[in-house]
$ cat final20.cif   # mmCIF, C-alpha atoms
data_work
loop_
_atom_site.label_atom_id
_atom_site.label_comp_id
_atom_site.auth_asym_id
_atom_site.auth_seq_id
_atom_site.Cartn_x
_atom_site.Cartn_y
_atom_site.Cartn_z
CA MET A 1 0.24 1.88 19.59
CA ARG A 2 -1.38 -0.02 22.43
CA GLY A 3 -4.00 -2.70 21.96
CA ALA A 4 -7.27 -2.07 23.78
CA VAL A 5 -8.04 -5.77 23.69
CA PHE A 6 -4.62 -7.18 24.44
CA GLY A 7 -3.40 -4.52 26.86
CA SER A 8 0.14 -3.41 27.70
CA VAL A 9 2.26 -3.61 30.84
CA GLN A 10 5.70 -2.06 31.16
CA SER A 11 8.13 -3.03 33.89
CA PRO A 12 10.10 -0.26 35.66
CA ALA A 13 13.31 -1.59 34.11
CA VAL A 14 11.91 -1.35 30.59
CA ARG A 15 10.51 2.12 31.32
CA ARG A 16 13.91 3.27 32.57
CA GLY A 17 15.54 1.88 29.41
CA VAL A 18 13.04 3.66 27.19
CA VAL A 19 13.43 6.94 29.07
CA ALA A 20 17.22 6.70 28.82
CA ALA A 21 17.06 6.05 25.10
CA LEU A 22 14.67 8.92 24.55
CA ALA A 23 16.85 11.24 26.57
CA THR A 24 19.77 10.41 24.32
CA ALA A 25 17.58 10.90 21.27
CA SER A 26 16.47 14.36 22.39
CA LEU A 27 19.93 15.76 21.60
CA VAL A 28 19.41 14.80 17.98
CA LEU A 29 15.69 15.45 17.71
CA SER A 30 16.21 19.14 18.32
CA ALA A 31 17.59 19.30 14.80
CA ALA A 32 15.21 16.79 13.21
CA CYS A 33 12.92 17.57 10.31
CA SER A 34 10.61 15.64 7.99
CA THR A 35 11.42 14.80 4.39
CA GLY A 36 7.96 13.60 3.47
CA GLY A 37 8.21 10.00 4.59
CA GLN A 38 9.24 8.41 1.30
CA GLU A 39 10.82 4.99 1.25
CA GLY A 40 14.26 5.07 2.84
CA THR A 41 14.25 8.87 3.17
CA SER A 42 11.73 9.47 5.96
CA GLY A 43 12.63 11.77 8.83
CA THR A 44 16.03 12.66 10.24
CA GLY A 45 17.99 12.15 13.42
CA ALA A 46 19.58 9.17 15.12
CA ALA A 47 18.84 7.45 18.38
CA SER A 48 19.01 4.07 20.04
CA PRO A 49 16.13 1.71 19.26
CA THR A 50 13.60 1.26 22.04
CA ALA A 51 11.34 -1.60 23.01
CA SER A 52 7.82 -1.72 24.39
CA ARG A 53 6.34 -4.49 26.52
CA SER A 54 2.85 -5.89 26.44
CA SER A 55 1.23 -9.00 27.84
CA GLY A 56 -0.22 -11.85 25.82
CA SER A 57 -0.85 -15.56 25.72
CA PRO A 58 1.68 -17.99 24.29
CA SER A 59 0.92 -20.09 21.26
CA PRO A 60 -0.21 -23.63 22.17
CA GLY A 61 2.72 -25.96 22.62
CA ALA A 62 5.24 -23.22 21.93
CA SER A 63 8.71 -23.49 23.37
CA ALA A 64 12.04 -22.35 22.05
CA GLU A 65 15.52 -21.93 23.46
CA LEU A 66 16.23 -18.28 24.12
CA PRO A 67 18.89 -16.63 21.97
CA PRO A 68 21.90 -14.95 23.56
CA ALA A 69 21.43 -11.29 24.48
CA LYS A 70 24.28 -10.37 22.14
CA GLY A 71 24.63 -11.86 18.69
CA SER A 72 26.79 -11.64 15.62
CA ALA A 73 26.48 -11.36 11.85
CA LYS A 74 29.17 -11.64 9.18
CA VAL A 75 29.07 -11.87 5.41
CA VAL A 76 30.71 -15.16 4.40
CA SER A 77 30.31 -14.89 0.62
CA THR A 78 28.66 -13.11 -2.30
CA LEU A 79 26.31 -15.46 -4.14
CA THR A 80 25.68 -13.28 -7.18
CA GLU A 81 25.96 -9.69 -8.35
CA GLY A 82 24.93 -7.37 -11.16
CA LEU A 83 21.24 -7.42 -10.20
CA LYS A 84 19.11 -4.43 -11.21
CA SER A 85 16.64 -3.01 -8.67
CA PRO A 86 16.16 -6.36 -6.87
CA TRP A 87 13.17 -6.43 -4.52
CA GLY A 88 11.41 -9.74 -3.88
CA LEU A 89 13.35 -12.90 -3.02
CA THR A 90 12.08 -16.39 -2.31
CA ALA A 91 13.75 -19.77 -1.88
CA LEU A 92 12.91 -22.83 -3.95
CA PRO A 93 13.05 -26.44 -2.78
CA GLY A 94 16.64 -27.54 -3.18
CA GLY A 95 18.18 -24.18 -2.30
CA ASP A 96 17.98 -22.07 -5.45
CA LEU A 97 16.42 -18.59 -5.29
CA LEU A 98 14.02 -16.49 -7.32
CA VAL A 99 14.62 -12.73 -7.37
CA ALA A 100 12.39 -10.00 -8.82
CA SER A 101 13.57 -6.79 -10.48
CA ARG A 102 11.24 -3.98 -9.40
CA ASP A 103 11.98 -1.67 -12.34
CA GLU A 104 12.58 -4.21 -15.10
CA GLY A 105 9.61 -6.42 -14.20
CA THR A 106 11.65 -9.62 -14.59
CA ILE A 107 12.25 -12.72 -12.47
CA HIS A 108 15.57 -14.56 -12.41
CA ARG A 109 16.51 -17.89 -10.89
CA ILE A 110 19.77 -17.84 -8.94
CA ASP A 111 21.67 -21.09 -8.45
CA GLY A 112 22.11 -21.42 -4.70
CA GLU A 113 25.70 -22.65 -5.03
CA SER A 114 27.22 -21.10 -8.14
CA GLY A 115 25.15 -17.90 -8.27
CA LYS A 116 24.40 -18.45 -11.95
CA GLN A 117 21.47 -16.33 -13.14
CA THR A 118 18.75 -17.69 -15.42
CA LEU A 119 15.98 -15.44 -16.73
CA LEU A 120 12.51 -16.93 -16.18
CA GLY A 121 10.81 -14.10 -18.03
CA SER A 122 9.07 -10.74 -17.76
CA VAL A 123 5.79 -10.36 -15.88
CA PRO A 124 3.11 -8.82 -18.12
CA GLY A 125 1.27 -5.79 -16.77
CA VAL A 126 3.98 -4.45 -14.46
CA SER A 127 4.07 -0.64 -14.51
CA PRO A 128 7.12 0.53 -12.52
CA ALA A 129 7.08 4.09 -11.16
CA GLY A 130 8.33 5.57 -7.89
CA GLU A 131 8.20 2.82 -5.29
CA GLY A 132 5.94 0.64 -7.45
CA GLY A 133 6.81 -2.15 -9.85
CA LEU A 134 7.45 -5.87 -9.50
CA LEU A 135 7.75 -6.31 -5.74
CA GLY A 136 7.28 -9.40 -3.55
CA LEU A 137 7.66 -13.04 -4.57
CA ALA A 138 6.51 -16.21 -2.81
CA VAL A 139 6.14 -19.91 -3.54
CA PRO A 140 3.77 -22.25 -1.66
CA SER A 141 4.75 -25.45 0.11
CA THR A 142 3.13 -27.26 -2.82
CA PHE A 143 5.55 -25.72 -5.35
CA ALA A 144 7.22 -29.02 -6.23
CA ALA A 145 3.83 -30.36 -7.34
CA ASP A 146 2.11 -27.31 -8.86
CA GLY A 147 4.97 -24.98 -9.88
CA TRP A 148 3.12 -21.80 -8.85
CA VAL A 149 5.11 -18.59 -8.37
CA TYR A 150 3.22 -15.74 -6.67
CA ALA A 151 4.05 -12.07 -7.28
CA TYR A 152 2.83 -8.71 -5.99
CA PHE A 153 3.14 -5.87 -8.50
CA THR A 154 1.97 -2.43 -9.54
CA THR A 155 -0.07 -1.93 -12.71
CA THR A 156 -1.30 1.28 -14.33
CA SER A 157 -4.42 1.15 -12.13
CA ASP A 158 -3.69 -0.78 -8.92
CA ASN A 159 -1.46 -3.17 -7.02
CA ARG A 160 -2.38 -6.81 -7.39
CA ILE A 161 -1.29 -10.35 -6.57
CA VAL A 162 -0.94 -12.96 -9.30
CA ARG A 163 0.35 -16.48 -9.67
CA MET A 164 2.18 -17.90 -12.65
CA SER A 165 3.12 -21.44 -13.60
CA TYR A 166 6.86 -22.00 -13.85
CA ASP A 167 8.36 -24.59 -16.19
CA GLU A 168 12.16 -24.69 -16.01
CA LYS A 169 12.28 -27.07 -18.98
CA ARG A 170 11.24 -24.28 -21.33
CA PRO A 171 13.86 -21.93 -22.88
CA ALA A 172 15.29 -19.19 -20.68
CA GLY A 173 13.09 -16.11 -20.80
CA GLN A 174 9.99 -18.18 -21.62
CA GLN A 175 9.55 -20.17 -18.43
CA LEU A 176 6.63 -18.25 -16.90
CA GLY A 177 3.00 -18.84 -17.78
CA ALA A 178 0.41 -16.06 -18.10
CA PRO A 179 -0.42 -14.33 -14.78
CA ASP A 180 -3.57 -15.53 -13.02
CA THR A 181 -4.81 -12.63 -10.88
CA ILE A 182 -5.95 -13.79 -7.45
CA LEU A 183 -6.42 -10.35 -5.85
CA ARG A 184 -6.77 -6.97 -7.52
CA GLY A 185 -7.77 -3.48 -6.39
CA ILE A 186 -5.04 -2.81 -3.83
CA PRO A 187 -4.62 0.99 -4.08
CA LYS A 188 -1.40 2.19 -5.74
CA GLY A 189 0.65 5.34 -5.33
CA ASN A 190 4.00 6.80 -6.21
CA ILE A 191 4.99 5.89 -2.65
CA HIS A 192 3.89 3.33 -0.04
CA ASN A 193 2.80 0.39 -2.18
CA GLY A 194 3.75 -2.24 0.40
CA GLY A 195 4.53 -5.33 -1.63
CA ARG A 196 5.83 -8.09 0.63
CA ILE A 197 4.05 -11.46 0.32
CA ALA A 198 4.72 -14.72 2.17
CA PHE A 199 3.06 -18.02 2.93
CA GLY A 200 2.49 -18.58 6.63
CA PRO A 201 2.71 -21.74 8.74
CA ASP A 202 -1.04 -22.14 8.09
CA LYS A 203 -0.28 -22.33 4.33
CA MET A 204 -2.27 -19.15 3.76
CA LEU A 205 -0.89 -16.22 1.76
CA TYR A 206 -0.17 -12.96 3.61
CA ALA A 207 0.51 -9.57 2.02
CA GLY A 208 1.68 -6.24 3.42
CA THR A 209 0.25 -3.12 1.77
CA GLY A 210 0.89 0.62 2.05
CA GLU A 211 -1.52 3.54 2.31
CA THR A 212 -0.14 5.16 -0.89
CA GLY A 213 0.37 8.47 0.93
CA ASP A 214 -3.40 8.78 1.49
CA THR A 215 -3.17 8.34 5.26
CA GLY A 216 -6.89 7.91 5.87
CA LEU A 217 -6.95 4.62 3.98
CA ALA A 218 -5.01 2.89 6.77
CA GLN A 219 -7.97 3.20 9.18
CA ASP A 220 -10.60 2.39 6.53
CA LYS A 221 -11.32 -1.33 6.89
CA GLU A 222 -13.13 -1.31 3.56
CA SER A 223 -9.87 -0.40 1.80
CA LEU A 224 -7.03 -2.85 1.13
CA ALA A 225 -4.44 -0.10 1.64
CA GLY A 226 -2.38 0.19 4.85
CA LYS A 227 -3.17 -3.38 5.86
CA ILE A 228 -1.87 -6.88 6.34
CA LEU A 229 -3.99 -9.22 4.24
CA ARG A 230 -4.58 -12.95 4.73
CA MET A 231 -6.07 -15.11 2.00
CA THR A 232 -6.21 -18.61 0.60
CA PRO A 233 -3.79 -19.49 -2.22
CA ASP A 234 -6.73 -18.68 -4.53
CA GLY A 235 -7.09 -15.17 -3.07
CA GLU A 236 -10.23 -15.80 -1.02
CA PRO A 237 -10.90 -14.69 2.59
CA VAL A 238 -9.83 -17.27 5.15
CA HIS A 239 -11.97 -18.84 7.87
CA GLY A 240 -10.77 -17.23 11.08
CA ASN A 241 -10.11 -13.80 9.58
CA PRO A 242 -11.48 -10.93 11.70
CA GLU A 243 -14.33 -10.53 9.19
CA ALA A 244 -15.49 -13.61 7.31
CA ASP A 245 -15.91 -11.87 3.94
CA SER A 246 -12.70 -9.83 4.05
CA VAL A 247 -9.01 -10.55 3.46
CA VAL A 248 -8.09 -7.75 5.90
CA TYR A 249 -6.15 -9.26 8.82
CA SER A 250 -4.84 -6.13 10.57
CA TYR A 251 -5.02 -2.42 9.83
CA GLY A 252 -3.68 1.00 10.75
CA HIS A 253 -0.38 0.41 8.94
CA ARG A 254 1.60 3.05 7.06
CA ASN A 255 3.72 0.88 4.77
CA VAL A 256 4.33 -2.77 5.66
CA GLN A 257 7.60 -4.00 4.13
CA GLY A 258 8.53 -7.16 6.02
CA LEU A 259 6.67 -10.31 7.13
CA ALA A 260 8.07 -13.27 9.10
CA TRP A 261 6.99 -15.93 11.59
CA ASP A 262 8.97 -17.00 14.64
CA ALA A 263 9.36 -20.51 16.11
CA ARG A 264 6.06 -20.05 17.95
CA LYS A 265 4.29 -19.24 14.66
CA ARG A 266 3.72 -15.61 15.64
CA LEU A 267 3.57 -13.12 12.77
CA TRP A 268 5.94 -10.14 12.83
CA ALA A 269 5.87 -7.14 10.49
CA ALA A 270 8.28 -4.28 9.79
CA GLU A 271 6.81 -0.89 8.94
CA PHE A 272 8.02 2.51 7.78
CA GLY A 273 7.45 5.44 10.09
CA GLN A 274 7.16 9.02 8.90
CA ASN A 275 8.94 11.62 11.00
CA THR A 276 9.97 9.77 14.11
CA TRP A 277 9.65 6.01 14.54
CA ASP A 278 10.03 2.97 12.31
CA GLU A 279 8.41 -0.09 13.84
CA LEU A 280 8.58 -3.84 14.39
CA ASN A 281 5.11 -5.09 15.24
CA LEU A 282 3.76 -8.37 16.59
CA ILE A 283 0.58 -8.90 14.59
CA GLU A 284 -2.74 -9.83 16.19
CA PRO A 285 -5.84 -10.65 14.08
CA GLY A 286 -8.02 -7.56 13.87
CA GLY A 287 -5.39 -5.38 15.51
CA ASN A 288 -5.27 -1.64 14.87
CA TYR A 289 -1.65 -0.47 14.65
CA GLY A 290 -2.55 3.19 14.83
CA TRP A 291 -1.46 4.99 11.68
CA PRO A 292 -2.08 7.89 11.11
CA GLU A 293 -3.40 8.57 14.62
CA VAL A 294 -0.14 7.56 16.31
CA GLU A 295 3.41 6.76 15.27
CA GLY A 296 5.56 4.54 17.43
CA GLU A 297 4.84 3.79 21.06
CA GLU A 298 2.28 6.21 22.48
CA GLY A 299 0.23 3.98 24.77
CA LYS A 300 -3.14 5.15 23.45
CA ASP A 301 -6.20 3.00 24.00
CA GLY A 302 -7.44 1.23 20.91
CA PHE A 303 -4.02 0.93 19.25
CA ILE A 304 -1.30 -1.72 19.50
CA ASP A 305 2.18 -0.46 20.37
CA PRO A 306 5.23 -1.67 18.44
CA VAL A 307 7.51 -4.19 20.11
CA ALA A 308 10.56 -2.21 18.99
CA GLN A 309 11.06 1.14 17.27
CA TRP A 310 13.90 2.99 15.58
CA ARG A 311 14.68 6.49 14.43
CA THR A 312 14.02 6.61 10.70
CA SER A 313 17.67 7.42 9.95
CA GLU A 314 18.72 4.13 11.56
CA ALA A 315 16.30 1.80 9.83
CA SER A 316 13.71 2.53 7.13
CA PRO A 317 12.99 -1.19 7.43
CA SER A 318 12.30 -3.49 4.53
CA GLY A 319 12.40 -7.30 4.62
CA ILE A 320 12.62 -9.36 7.81
CA ALA A 321 13.44 -13.00 8.55
CA TYR A 322 13.56 -15.25 11.61
CA ALA A 323 16.70 -17.20 12.47
CA GLN A 324 18.51 -18.34 15.62
CA GLY A 325 15.80 -17.04 17.95
CA SER A 326 15.86 -13.50 16.56
CA ILE A 327 14.13 -11.35 13.98
CA TRP A 328 16.62 -9.97 11.44
CA MET A 329 15.57 -6.73 9.75
CA ALA A 330 17.10 -5.14 6.65
CA GLY A 331 17.48 -1.35 6.69
CA LEU A 332 17.33 0.85 3.60
CA ARG A 333 18.21 4.34 4.75
CA GLY A 334 19.88 2.86 7.82
CA GLU A 335 22.13 0.67 5.62
CA ARG A 336 22.43 -2.00 8.29
CA LEU A 337 21.05 -5.33 9.45
CA TRP A 338 19.20 -5.27 12.76
CA ARG A 339 18.98 -8.21 15.17
CA ILE A 340 16.02 -8.30 17.58
CA PRO A 341 16.38 -11.24 20.01
CA LEU A 342 12.97 -12.60 21.01
CA SER A 343 11.79 -13.61 24.46
CA GLY A 344 10.06 -16.90 25.09
CA ASP A 345 6.87 -17.80 26.95
CA SER A 346 4.16 -15.14 26.69
CA ALA A 347 6.43 -12.11 26.53
CA LYS A 348 6.16 -9.82 23.53
CA GLU A 349 9.18 -7.64 24.22
CA PRO A 350 12.70 -8.27 22.91
CA LEU A 351 14.96 -10.31 25.15
CA ALA A 352 17.54 -7.53 24.91
CA ASP A 353 18.14 -4.30 23.03
CA PRO A 354 18.32 -4.66 19.24
CA GLN A 355 21.80 -4.72 17.72
CA SER A 356 22.92 -3.47 14.32
CA PHE A 357 25.46 -5.15 12.04
CA LEU A 358 27.12 -4.39 8.69
CA ASP A 359 26.55 -0.66 9.24
CA GLU A 360 27.07 1.21 5.95
CA LYS A 361 29.28 -1.59 4.58
CA HIS A 362 27.02 -2.73 1.75
CA GLY A 363 24.74 0.24 1.21
CA ARG A 364 20.96 -0.04 1.31
CA LEU A 365 19.61 -3.46 2.37
CA ARG A 366 16.27 -4.51 0.88
CA THR A 367 15.38 -8.13 1.59
CA VAL A 368 16.49 -10.84 3.99
CA VAL A 369 15.45 -14.50 3.74
CA GLY A 370 16.39 -17.49 5.85
CA ALA A 371 18.96 -19.78 4.21
CA GLY A 372 18.64 -22.55 6.81
CA GLY A 373 20.15 -22.84 10.28
CA ASP A 374 22.39 -19.91 11.13
CA ARG A 375 22.48 -18.40 7.64
CA LEU A 376 20.56 -15.68 5.82
CA TRP A 377 20.35 -14.42 2.25
CA LEU A 378 20.65 -10.63 2.18
CA VAL A 379 19.82 -8.48 -0.86
CA THR A 380 21.33 -5.03 -1.37
CA SER A 381 19.31 -2.19 -2.94
CA ASN A 382 21.69 0.39 -4.37
CA THR A 383 20.34 0.46 -7.94
CA ASP A 384 16.82 1.52 -6.91
CA GLY A 385 17.39 5.23 -7.66
CA ARG A 386 18.07 6.16 -4.04
CA GLY A 387 21.33 4.39 -3.42
CA GLU A 388 24.89 4.96 -4.57
CA PRO A 389 25.74 1.95 -6.75
CA LYS A 390 29.23 0.51 -6.67
CA PRO A 391 30.71 -1.82 -9.28
CA GLY A 392 28.90 -5.16 -8.99
CA ASP A 393 25.74 -3.83 -7.37
CA ASP A 394 23.27 -5.16 -6.61
CA ARG A 395 24.22 -8.36 -4.79
CA ILE A 396 22.87 -11.30 -2.85
CA LEU A 397 25.08 -11.92 0.19
CA LEU A 398 25.26 -15.00 2.39
CA VAL A 399 25.37 -13.98 6.05
CA GLU A 400 26.20 -16.17 9.03
CA VAL A 401 24.36 -15.10 12.20
CA GLU A 402 24.04 -15.91 15.87
#
$ encode --input "final20.cif" --output "structure tokens"
Amino acid sequence: MRGAVFGSVQSPAVRRGVVAALATASLVLSAACSTGGQEGTSGTGAASPTASRSSGSPSPGASAELPPAKGSAKVVSTLTEGLKSPWGLTALPGGDLLVASRDEGTIHRIDGESGKQTLLGSVPGVSPAGEGGLLGLAVPSTFAADGWVYAYFTTTSDNRIVRMSYDEKRPAGQQLGAPDTILRGIPKGNIHNGGRIAFGPDKMLYAGTGETGDTGLAQDKESLAGKILRMTPDGEPVHGNPEADSVVYSYGHRNVQGLAWDARKRLWAAEFGQNTWDELNLIEPGGNYGWPEVEGEEGKDGFIDPVAQWRTSEASPSGIAYAQGSIWMAGLRGERLWRIPLSGDSAKEPLADPQSFLDEKHGRLRTVVGAGGDRLWLVTSNTDGRGEPKPGDDRILLVEVE
């Protein structure tokens, strides 16, 4: 999906690498078929990930040491287990975590050292079904002062974003205040509800949405479906958005599941493909990422190409995080953790080919969050109705990375 405004230039070396990867993939694609593009079950086949290259300007004052071409990832401990359909995860000041149960509509606090679970409470209005339910969580930088917890969830009529006051001094199960809706009317579906929310370096709230299976909504800028949204903590459009009266930040997305910023404050997003390519995209304000007109890298004018892409059997990406100069991407159907080392300066292509770790060792992987320095929190997703739960599932794992 190539950007008409930002352009795209591929070096011969990158083109040769892409061609080689596609040639390998062709052996598998001859047997590929579509399974309808549902979460973690889209498409078939297996192939090496590929990367696209496009030009762009660096962020002002940006500089970061380049990561090594080859990295590593190992699980060093299990923080907690016995979680039911965990989805959203966010870190609190001091190192504890909040985790959301998609199907139960509850939020628990997890002690960052002992793993002890404390129930905050249930979120009123959550209506779990299919891929919908209580999804993303986020806390602002002002959490220590205001105690707001933000959540993205599915109701009987829509997807919406709310904030709730959190008072840990109240009894367990009664620590959440009534939801204050800051944005409603995000279309819902049995599939493709998006759901990831995160506060950016600009202290604004970002949300990834899905097109609910109604593909035309992704290109409709009047719809909140199939978009990345940017808003104030009160849910209002932000000065500097592509359109002053709209929270729509980018469009043409199929189902955005991961949001993260790198050291240069660039926004990255992971997205489900349908039959062929899952994507990692570098997000530009007002950018059109092509769905449903194109999937993966096609080089068509008017659309922005992904920076990296994967066969759906190898990824079905969910959460992403930035650590040690790389984007780390959790895979549902792929059951692995992907490392995408980032280039510096103005380059938008990976420094080297993506690497996978933990392949099929912990089942489906839903969410990944930075734990500081060279460590990540990684959430499994085997109790979501599509995995194969083992005793103790689901878990939060502590992973050491390079």
$ closest_residue --input "final20.cif" --among "A:Gly387, A:Gly189, A:Ala244, A:Ile161" --to "A:Tyr206" --atoms "only C-alpha atoms"
A:Ile161
$ residues_near_point --input "final20.cif" --point "(23.1, -16.3, -17.6)" --cutoff "12 Å" --atoms "all atoms listed in the file" --output "list in words"
Thr80, Glu81, Gly82, Leu83, His108, Arg109, Ile110, Asp111, Ser114, Gly115, Lys116, Gln117, Thr118, Leu119, Leu120, Ala172 and Gly173 of chain A
$ atom_distance --input "final20.cif" --atom1 "atom CA of A:Lys361" --atom2 "atom CA of A:Trp87"
19.1 Å
$ resolve_selection --input "final20.cif" --expression "the PyMOL selection byres ((chain A and resi 75) around 7)" --output "PyMOL selection string"
chain A and resi 73-74+76-77+397-400
$ residues_around --input "final20.cif" --residues "A:Leu259" --least-positions-apart "5" --cutoff "7 Å" --atoms "only C-alpha atoms" --output "list in words"
Arg196, Ala198, Trp268, Ala269, Ala270, Gly319 and Ile320 of chain A
$ write_last_selection --input "final20.cif" --atoms "C-alpha atoms" --output "compact mmCIF listing (two decimals), in the frame of the given file"
# COMPACT_ATOMS: atom_id res chain seq x y z
CA ARG A 196 5.83 -8.09 0.63
CA ALA A 198 4.72 -14.72 2.17
CA TRP A 268 5.94 -10.14 12.83
CA ALA A 269 5.87 -7.14 10.49
CA ALA A 270 8.28 -4.28 9.79
CA GLY A 319 12.40 -7.30 4.62
CA ILE A 320 12.62 -9.36 7.81
$ atom_distance --input "final20.cif" --atom1 "atom CA of A:Arg311" --atom2 "atom CA of A:Leu280"
12.0 Å
$ resolve_selection --input "final20.cif" --expression "the PyMOL selection byres ((chain A and resi 127-142) around 7)" --output "PyMOL selection string"
chain A and resi 87-90+100-103+105+125-126+143-146+148-156+190-193+195-199
$ resolve_selection --input "final20.cif" --expression "the PyMOL selection byres ((chain A and resi 382) around 12)" --output "number ranges by chain"
A: 40, 81-87, 331-333, 335, 360-366, 379-381, 383-396
$ write_last_selection --input "final20.cif" --atoms "C-alpha atoms" --output "mmCIF file, in the frame of the given file"
data_model
loop_
_atom_site.group_PDB
_atom_site.id
_atom_site.type_symbol
_atom_site.label_atom_id
_atom_site.label_comp_id
_atom_site.auth_asym_id
_atom_site.auth_seq_id
_atom_site.Cartn_x
_atom_site.Cartn_y
_atom_site.Cartn_z
ATOM 1 C CA GLY A 40 14.260 5.070 2.840
ATOM 2 C CA GLU A 81 25.960 -9.690 -8.350
ATOM 3 C CA GLY A 82 24.930 -7.370 -11.160
ATOM 4 C CA LEU A 83 21.240 -7.420 -10.200
ATOM 5 C CA LYS A 84 19.110 -4.430 -11.210
ATOM 6 C CA SER A 85 16.640 -3.010 -8.670
ATOM 7 C CA PRO A 86 16.160 -6.360 -6.870
ATOM 8 C CA TRP A 87 13.170 -6.430 -4.520
ATOM 9 C CA GLY A 331 17.480 -1.350 6.690
ATOM 10 C CA LEU A 332 17.330 0.850 3.600
ATOM 11 C CA ARG A 333 18.210 4.340 4.750
ATOM 12 C CA GLU A 335 22.130 0.670 5.620
ATOM 13 C CA GLU A 360 27.070 1.210 5.950
ATOM 14 C CA LYS A 361 29.280 -1.590 4.580
ATOM 15 C CA HIS A 362 27.020 -2.730 1.750
ATOM 16 C CA GLY A 363 24.740 0.240 1.210
ATOM 17 C CA ARG A 364 20.960 -0.040 1.310
ATOM 18 C CA LEU A 365 19.610 -3.460 2.370
ATOM 19 C CA ARG A 366 16.270 -4.510 0.880
ATOM 20 C CA VAL A 379 19.820 -8.480 -0.860
ATOM 21 C CA THR A 380 21.330 -5.030 -1.370
ATOM 22 C CA SER A 381 19.310 -2.190 -2.940
ATOM 23 C CA THR A 383 20.340 0.460 -7.940
ATOM 24 C CA ASP A 384 16.820 1.520 -6.910
ATOM 25 C CA GLY A 385 17.390 5.230 -7.660
ATOM 26 C CA ARG A 386 18.070 6.160 -4.040
ATOM 27 C CA GLY A 387 21.330 4.390 -3.420
ATOM 28 C CA GLU A 388 24.890 4.960 -4.570
ATOM 29 C CA PRO A 389 25.740 1.950 -6.750
ATOM 30 C CA LYS A 390 29.230 0.510 -6.670
ATOM 31 C CA PRO A 391 30.710 -1.820 -9.280
ATOM 32 C CA GLY A 392 28.900 -5.160 -8.990
ATOM 33 C CA ASP A 393 25.740 -3.830 -7.370
ATOM 34 C CA ASP A 394 23.270 -5.160 -6.610
ATOM 35 C CA ARG A 395 24.220 -8.360 -4.790
ATOM 36 C CA ILE A 396 22.870 -11.300 -2.850
#
$ closest_residue --input "final20.cif" --among "A:Gly213, A:Pro233, A:Glu113, A:Leu376" --to "A:Ala330" --atoms "all atoms listed in the file"
A:Leu376
$ closest_residue --input "final20.cif" --among "A:Gln324, A:Val247, A:Asp262, A:Gly147" --to "A:Gly372" --atoms "only C-alpha atoms"
A:Gln324
$ axis_aligned_box --input "final20.cif" --around "stretch 163-178 of chain A" --padding-each-side "4 Å" --output "lines of an AutoDock Vina configuration file"
center_x = 7.8
center_y = -21.6
center_z = -16.3
size_x = 22.9
size_y = 19.0
size_z = 21.2
$ closest_residue --input "final20.cif" --among "A:Gly235, A:Pro341, A:Gly226, A:Pro292" --to "A:Asn275" --atoms "only C-alpha atoms"
A:Pro292
$ residues_around --input "final20.cif" --residues "A:Asp245" --least-positions-apart "3" --cutoff "12 Å" --atoms "all atoms listed in the file" --output "PyMOL selection string"
chain A and resi 221-222+230-231+235-242+248-249
$ atom_distance --input "final20.cif" --atom1 "atom CA of A:Gly208" --atom2 "atom CA of A:Ser318"
11.0 Å
$ residues_around --input "final20.cif" --residues "stretch 327-329 of chain A" --least-positions-apart "3" --cutoff "6 Å" --atoms "only C-alpha atoms" --output "NGL selection string"
:A and (320-322 or 337-340)
